[in-house]
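Report on the structure given below.
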Amino acid sequence: YSRDNRRFDTTVRHHAMPPHHGRQPMSTSNAFVPDLDPRAMSAAMGDAWKTLSGLKVAPHTLQQLQREYVEAATALWNGALHAMTPGGDGGGGGGKAKLGDRRFAAEEWAHNPMAAYTAQLYLLNASTLTKMAEAVEGDAKSKARIRFAVQQWVDAASPSNYLALNPEAQQLALKTQGQSLAAGMKHLLGDAGKGHMSQTDESAFEVGRNVATTEGAVVFENELFQLIEYKPLTEQVHERPMLMVPPCINKFYIMDLQPDNSLIRYTVQQGHRTFVVSWRNPDASLADRGWDDYIGTAAIRAIEVVQELTGSETINTLGFCVGGTILATALAVLAARGKQPAHSVTLLTTLLDFSDTGILDVFIDEAGVRLREMTLGPNAPAGPALLKGQELATTFSMLRPNDLVWNYVVANYLKGEAPPPFDLLYWNGDATNLPGPMYCWYLRHTYLQDELKLPGRLTVCGEKLDLARIEAPVFLYASREDHIVPWKAAYASTRVLSGKKRFVLGASGHIAGVINPPAKKKRNYWTNEALPQQPDAWLAAAQEVPGSWWADWSAWLEPLGGALVAAPQLPGSAKYQPIEPAPGRYVL
C-alpha cells in the first residue's frame, strides 16, 4: 500500500514469517499467500499512512488503528490458512466466506478461499485507510480532500476491478471459452473510440424518437437557447403560463425522458401552458460568453418572450439545479429594474447559499479557480475557451466511482456484458460544453466566494443583486441523498428568499429524487409547514408522505395558474411563429 510497489515487496520480505508460513503452497494459484504476513501488512499500512497524508494524527489513535488492524489481519490469515487446508470449510464456518459487499456477492468469491481472502483483506485495508483519513488532524477542507482521495484510491484498488483477481470474471471466461473476454475487449475499444465509458446501450435511444418526445414546437431562438412551447393535452389551460429553466450543464430532456417519467408532460397534463428553455451546446463561436449573457440574453429573454407570446403579465417559473440559480439571478436583475414577472418560483435541487456545497467543495479553492480563469476565462493568454462537457461528466462520475465507473469496468470489460438500456444514463452521457468565462464567473462568485446570497455584493447585467427583492411565493424541493446539492444547503434558500415559501424534501438523489412520477408509486417525501432556522429541526417535525412529491407541487401550483381558458390551437403567435418541431436542433 505504499506509493512504490517495490517498497511494499521489500517490507513484506523483511518481516519474519510465523512458523506455519514455511509450508509449501498447495497450488500455483495461491503461491504468493505466504508473503501476506499480517505483521508485514501492518507495517505497509503504517507506511501508507505516512505516504498518503503527510499530516498529523494523534499517536494513540494511530497505535489503536494499527493494533486493531493486526488483530483483524491475523484472524483473516488464520481463517484463510484453515480454508485452504484440505478439509477446510472455506473460511466462513458454514461452507463459504461471508463478505458482505455487493462487489463480492457472486458465489465464485465466497466459494474460492483465495478469492475470499483477497476480498476480505481488501475490505480490511479499505476500512483501515478510511479510518486513517478520518483521523487526520487539520482543517475541515483538507480532511475532506484526504477522505475523497483515499476513497478514490480504495474504490480503484478493489480486486473485483481486475481480471487476475476476479474469480467471477475468470469463471465466465472459462464457461464461454473466452467469448466474454473478446466481447469485453470489443466494448473497451468501442468506448475508447467514443471517448467515454458506456453506462447504457446508447443505440437504444434517440432524442426525439423515444426520449424528449412530448409534442411541441420551437417558437423562439437566439444564439444561446431555443424556447419550446408544448402542445396542450387538456381542452382548457391555466391563463398564467409556466416557464421551465433546466440546467445548462446538461440537456433539457432530463425533464422529458419518456412519457411515463416526463415532468414536462406531467405539467402539461395538469393544464399548464408550458414553455421550456433548451440550451445550445456551445461551440468555439460561443467560447467568450459570460454569466451576464446567460442571464440577459437567455433567461430574461425567455421570460420576456413568454410574456409577449401569451399576453400574461406574470408567469409561473421553475428552475432545476443551476437552472434554478440562473432563474433566481434573472428575477433579481428584473427586480432591481422594478419588474416582478414571476407569479411563483419553483426551485428544484438548487443552490443560492453556497456555504455547504457537499463533496464538490473538495475541488474548489483559490488556486484552482485562478487556474481555470487563466486557461478558460476572458483574460486567458490564448483567449477564452470552452470547458468540455466530457470533463464535467467525468468529474460527476468520480463522485460515485463504484456506481458510475468501476461497476461498468467490471460488467462491460471483464465480463463482456453489454450495458442495458436506461434512459436516465443515456441522458447522463449526453455531455454539454460551457463557455469558459461563464463557468469561471459562476465558479468564483458562487462556489468559492459565496456572494450570490449577499444583498448588493454582485452586479449582473448592470444591476446590483438582492434575491430578497423577488416578490413571489416559492416552492423549494431538495433530495435527501443528494451529493451535488446537499438538502440542507437547498434548505438555506428559505433564509435568502423573502416570499412565502414551501419546502419539500424527497427521497433518493440529485436526479432520481426529482424524476419520480406519481404513477410509479415509488419513494416518499417529507413536508412541514413551519420553516425553523435549522434544517434538522425542520426534518424532526416533518411528516413523511409515501409516493412522489410531484402531486404536492401540483396542488401548490394549481391555484397560482389562474383561471382556466380555452387551450390554444396552435403554438406560438403572430410574432413568434413556430420554427421547428420539438425537441429542436439545439438539443441535438
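By order in the C-alpha cells, chains are A, B, ...; within a chain, residues start at 1; ligands start at 1, following the order shown.
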Exercise for the section: Give the helix (DSSP H, G or I) residues of segment 115-215 of chain A, as assigned by DSSP on the backbone, as a ChimeraX atom specification. Expected result: /A:115-134,140-156,159-161,163-165,167-175,179-194,202-204
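Every protein or nucleic acid residue with an atom no more than 7 Å from Phe354 of chain A, counting only C-alpha atoms and leaving out same-chain residues fewer than 6 positions away, appears here: Thr446, Tyr447 and Asp450 of chain A.
Residue nearest Glu471 of chain A, chosen from A:Lys388, A:Thr85, A:Arg147, A:Leu331 and counting only C-alpha atoms: A:Leu331.
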Exercise for the section: Compile the contact shell of segment 335-345 of chain A as a ChimeraX atom specification: residues with an atom at most 9 Å away, counting only C-alpha atoms, same-chain residues fewer than 3 positions apart removed. Expected result: /A:240,303-304,307,313-319,327-328,330-332,463-467,469-476,557,560-561
Create the file for the chosen residues now, containing C-alpha atoms and written as a CSV table (one decimal), in the first residue's frame.
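part.csv, freshly written:
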```
chain,number,residue,atom,x,y,z
A,240,ARG,CA,-50.9,32.0,-16.5
A,303,ILE,CA,-39.2,35.4,-19.6
A,304,GLU,CA,-40.0,38.3,-22.0
A,307,GLN,CA,-44.9,37.2,-21.5
A,313,GLU,CA,-48.0,40.0,-17.4
A,314,THR,CA,-46.9,37.4,-14.8
A,315,ILE,CA,-45.8,33.8,-15.3
A,316,ASN,CA,-45.0,30.8,-13.2
A,317,THR,CA,-41.4,29.8,-13.3
A,318,LEU,CA,-39.3,26.7,-12.5
A,319,GLY,CA,-35.5,26.2,-12.3
A,327,LEU,CA,-33.6,31.8,-12.9
A,328,ALA,CA,-33.2,33.4,-9.4
A,330,ALA,CA,-32.5,36.7,-13.7
A,331,LEU,CA,-35.5,37.5,-11.4
A,332,ALA,CA,-33.2,39.5,-9.1
A,463,GLU,CA,-27.8,45.7,-11.7
A,464,LYS,CA,-26.9,45.1,-8.0
A,465,LEU,CA,-28.4,41.7,-7.0
A,466,ASP,CA,-30.7,41.2,-4.0
A,467,LEU,CA,-32.5,37.9,-4.1
A,469,ARG,CA,-36.4,41.5,-3.6
A,470,ILE,CA,-38.1,38.7,-5.7
A,471,GLU,CA,-41.8,39.1,-4.7
A,472,ALA,CA,-43.2,35.6,-5.4
A,473,PRO,CA,-44.2,32.5,-3.4
A,474,VAL,CA,-41.5,29.9,-3.7
A,475,PHE,CA,-41.6,26.1,-3.8
A,476,LEU,CA,-38.3,24.6,-2.8
A,557,LEU,CA,-49.1,25.3,-8.2
A,560,LEU,CA,-51.3,30.0,-8.9
A,561,GLY,CA,-52.1,29.2,-12.5
```
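Nearest residue to Val545 of chain A among A:Ala164, A:Leu564, A:Val504, A:Leu129 is A:Val504, counting only C-alpha atoms.
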Exercise for the section: Would you mind telling me which residue in A:Asp155, A:Asp403, A:Asp292, A:Glu544 lies nearest to Pro437 of chain A when using only C-alpha atoms? Expected result: A:Asp292
Handout entry: Surrounding residues of Val154 of chain A excluding itself and chain neighbours under 2 positions, 9 Å, only C-alpha atoms, as a PyMOL selection string
Key = chain A and resi 122+125-127+129-130+149-152+156-158
Please provide as an mmCIF file with N, CA and C atoms, in the first residue's frame all residues within 9 Å of segment 409-411 of chain A, with the sequence filter that same-chain residues fewer than 2 positions apart are discarded (counting only C-alpha atoms).
```cif
data_model
loop_
_atom_site.group_PDB
_atom_site.id
_atom_site.type_symbol
_atom_site.label_atom_id
_atom_site.label_comp_id
_atom_site.auth_asym_id
_atom_site.auth_seq_id
_atom_site.Cartn_x
_atom_site.Cartn_y
_atom_site.Cartn_z
ATOM 1 N N SER A 160 -12.076 -6.771 -7.351
ATOM 2 C CA SER A 160 -13.113 -7.061 -8.344
ATOM 3 C C SER A 160 -12.869 -6.333 -9.656
ATOM 4 N N ASN A 161 -12.055 -5.283 -9.642
ATOM 5 C CA ASN A 161 -11.814 -4.471 -10.842
ATOM 6 C C ASN A 161 -10.782 -5.078 -11.786
ATOM 7 N N TYR A 162 -10.144 -6.180 -11.390
ATOM 8 C CA TYR A 162 -9.019 -6.702 -12.154
ATOM 9 C C TYR A 162 -9.241 -8.175 -12.491
ATOM 10 N N LEU A 163 -9.041 -8.501 -13.734
ATOM 11 C CA LEU A 163 -9.303 -9.859 -14.198
ATOM 12 C C LEU A 163 -8.499 -10.897 -13.421
ATOM 13 N N ALA A 169 -15.274 -13.196 -13.088
ATOM 14 C CA ALA A 169 -14.926 -12.945 -14.487
ATOM 15 C C ALA A 169 -14.109 -14.093 -15.067
ATOM 16 N N GLY A 184 -15.656 -8.180 -24.055
ATOM 17 C CA GLY A 184 -15.175 -7.087 -23.222
ATOM 18 C C GLY A 184 -14.164 -6.219 -23.941
ATOM 19 N N LEU A 188 -14.438 -2.289 -24.838
ATOM 20 C CA LEU A 188 -13.377 -1.358 -24.460
ATOM 21 C C LEU A 188 -12.913 -0.539 -25.656
ATOM 22 N N MET A 197 -16.882 6.045 -21.247
ATOM 23 C CA MET A 197 -17.355 4.721 -20.880
ATOM 24 C C MET A 197 -18.865 4.625 -21.060
ATOM 25 N N VAL A 405 -18.409 4.219 -12.360
ATOM 26 C CA VAL A 405 -17.165 3.920 -13.092
ATOM 27 C C VAL A 405 -16.839 2.431 -12.996
ATOM 28 N N TRP A 406 -16.458 1.978 -11.811
ATOM 29 C CA TRP A 406 -15.924 0.624 -11.679
ATOM 30 C C TRP A 406 -16.977 -0.450 -11.918
ATOM 31 N N ASN A 407 -18.209 -0.168 -11.615
ATOM 32 C CA ASN A 407 -19.291 -1.093 -11.916
ATOM 33 C C ASN A 407 -19.319 -1.433 -13.400
ATOM 34 N N TYR A 413 -16.191 -4.690 -19.442
ATOM 35 C CA TYR A 413 -14.887 -5.108 -19.952
ATOM 36 C C TYR A 413 -14.456 -6.481 -19.426
ATOM 37 N N LEU A 414 -14.614 -6.725 -18.122
ATOM 38 C CA LEU A 414 -14.170 -8.012 -17.579
ATOM 39 C C LEU A 414 -15.152 -9.135 -17.877
ATOM 40 N N LYS A 415 -16.440 -8.823 -17.868
ATOM 41 C CA LYS A 415 -17.455 -9.857 -18.109
ATOM 42 C C LYS A 415 -17.988 -9.832 -19.540
ATOM 43 N N GLY A 416 -17.719 -8.737 -20.259
ATOM 44 C CA GLY A 416 -18.184 -8.653 -21.643
ATOM 45 C C GLY A 416 -19.679 -8.454 -21.778
ATOM 46 N N GLU A 417 -20.314 -7.935 -20.742
ATOM 47 C CA GLU A 417 -21.753 -7.730 -20.779
ATOM 48 C C GLU A 417 -22.079 -6.370 -21.402
ATOM 49 N N ALA A 418 -23.030 -6.351 -22.308
ATOM 50 C CA ALA A 418 -23.484 -5.089 -22.875
ATOM 51 C C ALA A 418 -24.359 -4.386 -21.848
ATOM 52 N N PRO A 419 -24.117 -3.095 -21.584
ATOM 53 C CA PRO A 419 -24.946 -2.405 -20.594
ATOM 54 C C PRO A 419 -26.396 -2.337 -21.056
#
```
Residues of segment 294-414 of chain A classed as strand (DSSP E) by DSSP on the backbone are to be reported as a PDB file with all heavy atoms, in the first residue's frame.
```pdb
ATOM      1  N   ILE A 315     -45.917  35.212 -14.917  1.00  0.00           N
ATOM      2  CA  ILE A 315     -45.834  33.807 -15.305  1.00  0.00           C
ATOM      3  C   ILE A 315     -45.338  32.992 -14.121  1.00  0.00           C
ATOM      4  O   ILE A 315     -44.703  33.522 -13.200  1.00  0.00           O
ATOM      5  CB  ILE A 315     -44.884  33.610 -16.506  1.00  0.00           C
ATOM      6  CG1 ILE A 315     -43.433  33.962 -16.121  1.00  0.00           C
ATOM      7  CG2 ILE A 315     -45.335  34.448 -17.701  1.00  0.00           C
ATOM      8  CD1 ILE A 315     -42.417  33.691 -17.216  1.00  0.00           C
ATOM      9  N   ASN A 316     -45.637  31.697 -14.129  1.00  0.00           N
ATOM     10  CA  ASN A 316     -45.045  30.781 -13.163  1.00  0.00           C
ATOM     11  C   ASN A 316     -43.698  30.308 -13.706  1.00  0.00           C
ATOM     12  O   ASN A 316     -43.547  30.128 -14.921  1.00  0.00           O
ATOM     13  CB  ASN A 316     -45.972  29.598 -12.911  1.00  0.00           C
ATOM     14  CG  ASN A 316     -47.240  30.013 -12.189  1.00  0.00           C
ATOM     15  OD1 ASN A 316     -47.186  30.705 -11.177  1.00  0.00           O
ATOM     16  ND2 ASN A 316     -48.388  29.610 -12.724  1.00  0.00           N
ATOM     17  N   THR A 317     -42.741  30.112 -12.846  1.00  0.00           N
ATOM     18  CA  THR A 317     -41.387  29.776 -13.282  1.00  0.00           C
ATOM     19  C   THR A 317     -40.848  28.596 -12.486  1.00  0.00           C
ATOM     20  O   THR A 317     -41.226  28.386 -11.323  1.00  0.00           O
ATOM     21  CB  THR A 317     -40.432  30.972 -13.105  1.00  0.00           C
ATOM     22  OG1 THR A 317     -40.384  31.347 -11.713  1.00  0.00           O
ATOM     23  CG2 THR A 317     -40.892  32.162 -13.934  1.00  0.00           C
ATOM     24  N   LEU A 318     -39.966  27.838 -13.117  1.00  0.00           N
ATOM     25  CA  LEU A 318     -39.307  26.694 -12.469  1.00  0.00           C
ATOM     26  C   LEU A 318     -37.867  26.627 -12.938  1.00  0.00           C
ATOM     27  O   LEU A 318     -37.581  26.752 -14.135  1.00  0.00           O
ATOM     28  CB  LEU A 318     -40.043  25.390 -12.808  1.00  0.00           C
ATOM     29  CG  LEU A 318     -39.466  24.082 -12.246  1.00  0.00           C
ATOM     30  CD1 LEU A 318     -40.598  23.068 -12.002  1.00  0.00           C
ATOM     31  CD2 LEU A 318     -38.437  23.446 -13.182  1.00  0.00           C
ATOM     32  N   GLY A 319     -36.958  26.405 -11.989  1.00  0.00           N
ATOM     33  CA  GLY A 319     -35.547  26.208 -12.307  1.00  0.00           C
ATOM     34  C   GLY A 319     -35.035  24.949 -11.649  1.00  0.00           C
ATOM     35  O   GLY A 319     -35.378  24.651 -10.500  1.00  0.00           O
ATOM     36  N   PHE A 320     -34.225  24.210 -12.377  1.00  0.00           N
ATOM     37  CA  PHE A 320     -33.694  22.924 -11.900  1.00  0.00           C
ATOM     38  C   PHE A 320     -32.180  23.042 -11.785  1.00  0.00           C
ATOM     39  O   PHE A 320     -31.500  23.379 -12.753  1.00  0.00           O
ATOM     40  CB  PHE A 320     -34.111  21.845 -12.891  1.00  0.00           C
ATOM     41  CG  PHE A 320     -33.725  20.428 -12.521  1.00  0.00           C
ATOM     42  CD1 PHE A 320     -33.115  20.108 -11.325  1.00  0.00           C
ATOM     43  CD2 PHE A 320     -34.006  19.391 -13.390  1.00  0.00           C
ATOM     44  CE1 PHE A 320     -32.781  18.809 -11.000  1.00  0.00           C
ATOM     45  CE2 PHE A 320     -33.678  18.077 -13.089  1.00  0.00           C
ATOM     46  CZ  PHE A 320     -33.065  17.796 -11.888  1.00  0.00           C
ATOM     47  N   ALA A 342     -42.468  37.088 -12.134  1.00  0.00           N
ATOM     48  CA  ALA A 342     -42.758  35.748 -11.620  1.00  0.00           C
ATOM     49  C   ALA A 342     -43.926  35.784 -10.645  1.00  0.00           C
ATOM     50  O   ALA A 342     -43.873  36.472  -9.622  1.00  0.00           O
ATOM     51  CB  ALA A 342     -41.527  35.159 -10.946  1.00  0.00           C
ATOM     52  N   HIS A 343     -44.980  35.045 -10.989  1.00  0.00           N
ATOM     53  CA  HIS A 343     -46.095  34.886 -10.059  1.00  0.00           C
ATOM     54  C   HIS A 343     -45.781  33.791  -9.044  1.00  0.00           C
ATOM     55  O   HIS A 343     -46.338  33.780  -7.950  1.00  0.00           O
ATOM     56  CB  HIS A 343     -47.374  34.534 -10.833  1.00  0.00           C
ATOM     57  CG  HIS A 343     -48.619  34.636 -10.022  1.00  0.00           C
ATOM     58  ND1 HIS A 343     -49.147  35.840  -9.608  1.00  0.00           N
ATOM     59  CD2 HIS A 343     -49.444  33.672  -9.511  1.00  0.00           C
ATOM     60  CE1 HIS A 343     -50.240  35.636  -8.904  1.00  0.00           C
ATOM     61  NE2 HIS A 343     -50.437  34.320  -8.823  1.00  0.00           N
ATOM     62  N   SER A 344     -44.893  32.877  -9.416  1.00  0.00           N
ATOM     63  CA  SER A 344     -44.390  31.854  -8.499  1.00  0.00           C
ATOM     64  C   SER A 344     -43.032  31.397  -8.982  1.00  0.00           C
ATOM     65  O   SER A 344     -42.706  31.526 -10.168  1.00  0.00           O
ATOM     66  CB  SER A 344     -45.342  30.660  -8.410  1.00  0.00           C
ATOM     67  OG  SER A 344     -45.256  29.857  -9.584  1.00  0.00           O
ATOM     68  N   VAL A 345     -42.256  30.869  -8.058  1.00  0.00           N
ATOM     69  CA  VAL A 345     -40.925  30.352  -8.371  1.00  0.00           C
ATOM     70  C   VAL A 345     -40.797  28.955  -7.764  1.00  0.00           C
ATOM     71  O   VAL A 345     -41.030  28.772  -6.566  1.00  0.00           O
ATOM     72  CB  VAL A 345     -39.805  31.256  -7.803  1.00  0.00           C
ATOM     73  CG1 VAL A 345     -38.433  30.695  -8.156  1.00  0.00           C
ATOM     74  CG2 VAL A 345     -39.943  32.687  -8.313  1.00  0.00           C
ATOM     75  N   THR A 346     -40.439  27.986  -8.588  1.00  0.00           N
ATOM     76  CA  THR A 346     -40.135  26.638  -8.113  1.00  0.00           C
ATOM     77  C   THR A 346     -38.655  26.376  -8.345  1.00  0.00           C
ATOM     78  O   THR A 346     -38.162  26.542  -9.463  1.00  0.00           O
ATOM     79  CB  THR A 346     -40.969  25.579  -8.856  1.00  0.00           C
ATOM     80  OG1 THR A 346     -42.359  25.797  -8.597  1.00  0.00           O
ATOM     81  CG2 THR A 346     -40.594  24.182  -8.407  1.00  0.00           C
ATOM     82  N   LEU A 347     -37.952  25.981  -7.301  1.00  0.00           N
ATOM     83  CA  LEU A 347     -36.518  25.692  -7.405  1.00  0.00           C
ATOM     84  C   LEU A 347     -36.292  24.240  -6.997  1.00  0.00           C
ATOM     85  O   LEU A 347     -36.576  23.853  -5.859  1.00  0.00           O
ATOM     86  CB  LEU A 347     -35.696  26.628  -6.520  1.00  0.00           C
ATOM     87  CG  LEU A 347     -35.808  28.129  -6.827  1.00  0.00           C
ATOM     88  CD1 LEU A 347     -34.967  28.936  -5.853  1.00  0.00           C
ATOM     89  CD2 LEU A 347     -35.387  28.430  -8.261  1.00  0.00           C
ATOM     90  N   LEU A 348     -35.784  23.444  -7.928  1.00  0.00           N
ATOM     91  CA  LEU A 348     -35.525  22.031  -7.687  1.00  0.00           C
ATOM     92  C   LEU A 348     -34.028  21.814  -7.499  1.00  0.00           C
ATOM     93  O   LEU A 348     -33.240  22.164  -8.372  1.00  0.00           O
ATOM     94  CB  LEU A 348     -36.025  21.187  -8.864  1.00  0.00           C
ATOM     95  CG  LEU A 348     -37.466  21.429  -9.330  1.00  0.00           C
ATOM     96  CD1 LEU A 348     -37.796  20.517 -10.511  1.00  0.00           C
ATOM     97  CD2 LEU A 348     -38.451  21.215  -8.195  1.00  0.00           C
ATOM     98  N   LEU A 386     -13.613  26.784 -24.128  1.00  0.00           N
ATOM     99  CA  LEU A 386     -14.742  26.017 -23.626  1.00  0.00           C
ATOM    100  C   LEU A 386     -14.301  25.043 -22.536  1.00  0.00           C
ATOM    101  O   LEU A 386     -13.209  24.466 -22.619  1.00  0.00           O
ATOM    102  CB  LEU A 386     -15.381  25.217 -24.756  1.00  0.00           C
ATOM    103  CG  LEU A 386     -16.068  25.994 -25.881  1.00  0.00           C
ATOM    104  CD1 LEU A 386     -16.466  25.028 -26.993  1.00  0.00           C
ATOM    105  CD2 LEU A 386     -17.276  26.758 -25.382  1.00  0.00           C
ATOM    106  N   LEU A 387     -15.140  24.872 -21.529  1.00  0.00           N
ATOM    107  CA  LEU A 387     -14.996  23.745 -20.618  1.00  0.00           C
ATOM    108  C   LEU A 387     -15.736  22.592 -21.273  1.00  0.00           C
ATOM    109  O   LEU A 387     -16.944  22.659 -21.495  1.00  0.00           O
ATOM    110  CB  LEU A 387     -15.607  24.053 -19.255  1.00  0.00           C
ATOM    111  CG  LEU A 387     -15.605  22.878 -18.276  1.00  0.00           C
ATOM    112  CD1 LEU A 387     -14.190  22.556 -17.822  1.00  0.00           C
ATOM    113  CD2 LEU A 387     -16.495  23.160 -17.071  1.00  0.00           C
TER     114      LEU A 387
END
```
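Computed from the coordinates, the atom CA of Asp430 of chain A to atom CA of Ala183 of chain A distance equals 24.1 Å.
Using only C-alpha atoms, the shortest contact distance between Lys500 of chain A and any of A:Tyr294, A:Phe396, A:Trp279, A:Trp556 is found at A:Trp556.
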Problem - Nearby residues (only C-alpha atoms) at most 8 Å from Gln226 of chain A, same-chain spacing under 4 positions excluded, as JSON, numbers by chain - result: {"A": [218, 219, 220, 221, 222, 277, 278, 279, 280, 584, 586]}
Exercise for the section: For Ala204 of chain A, list every protein, DNA or RNA residue within 12 Å, evaluated using only C-alpha atoms, and leave out those in the same chain fewer than 6 positions away; present the list as a ChimeraX atom specification. Expected result: /A:210-211,418-423,425-427
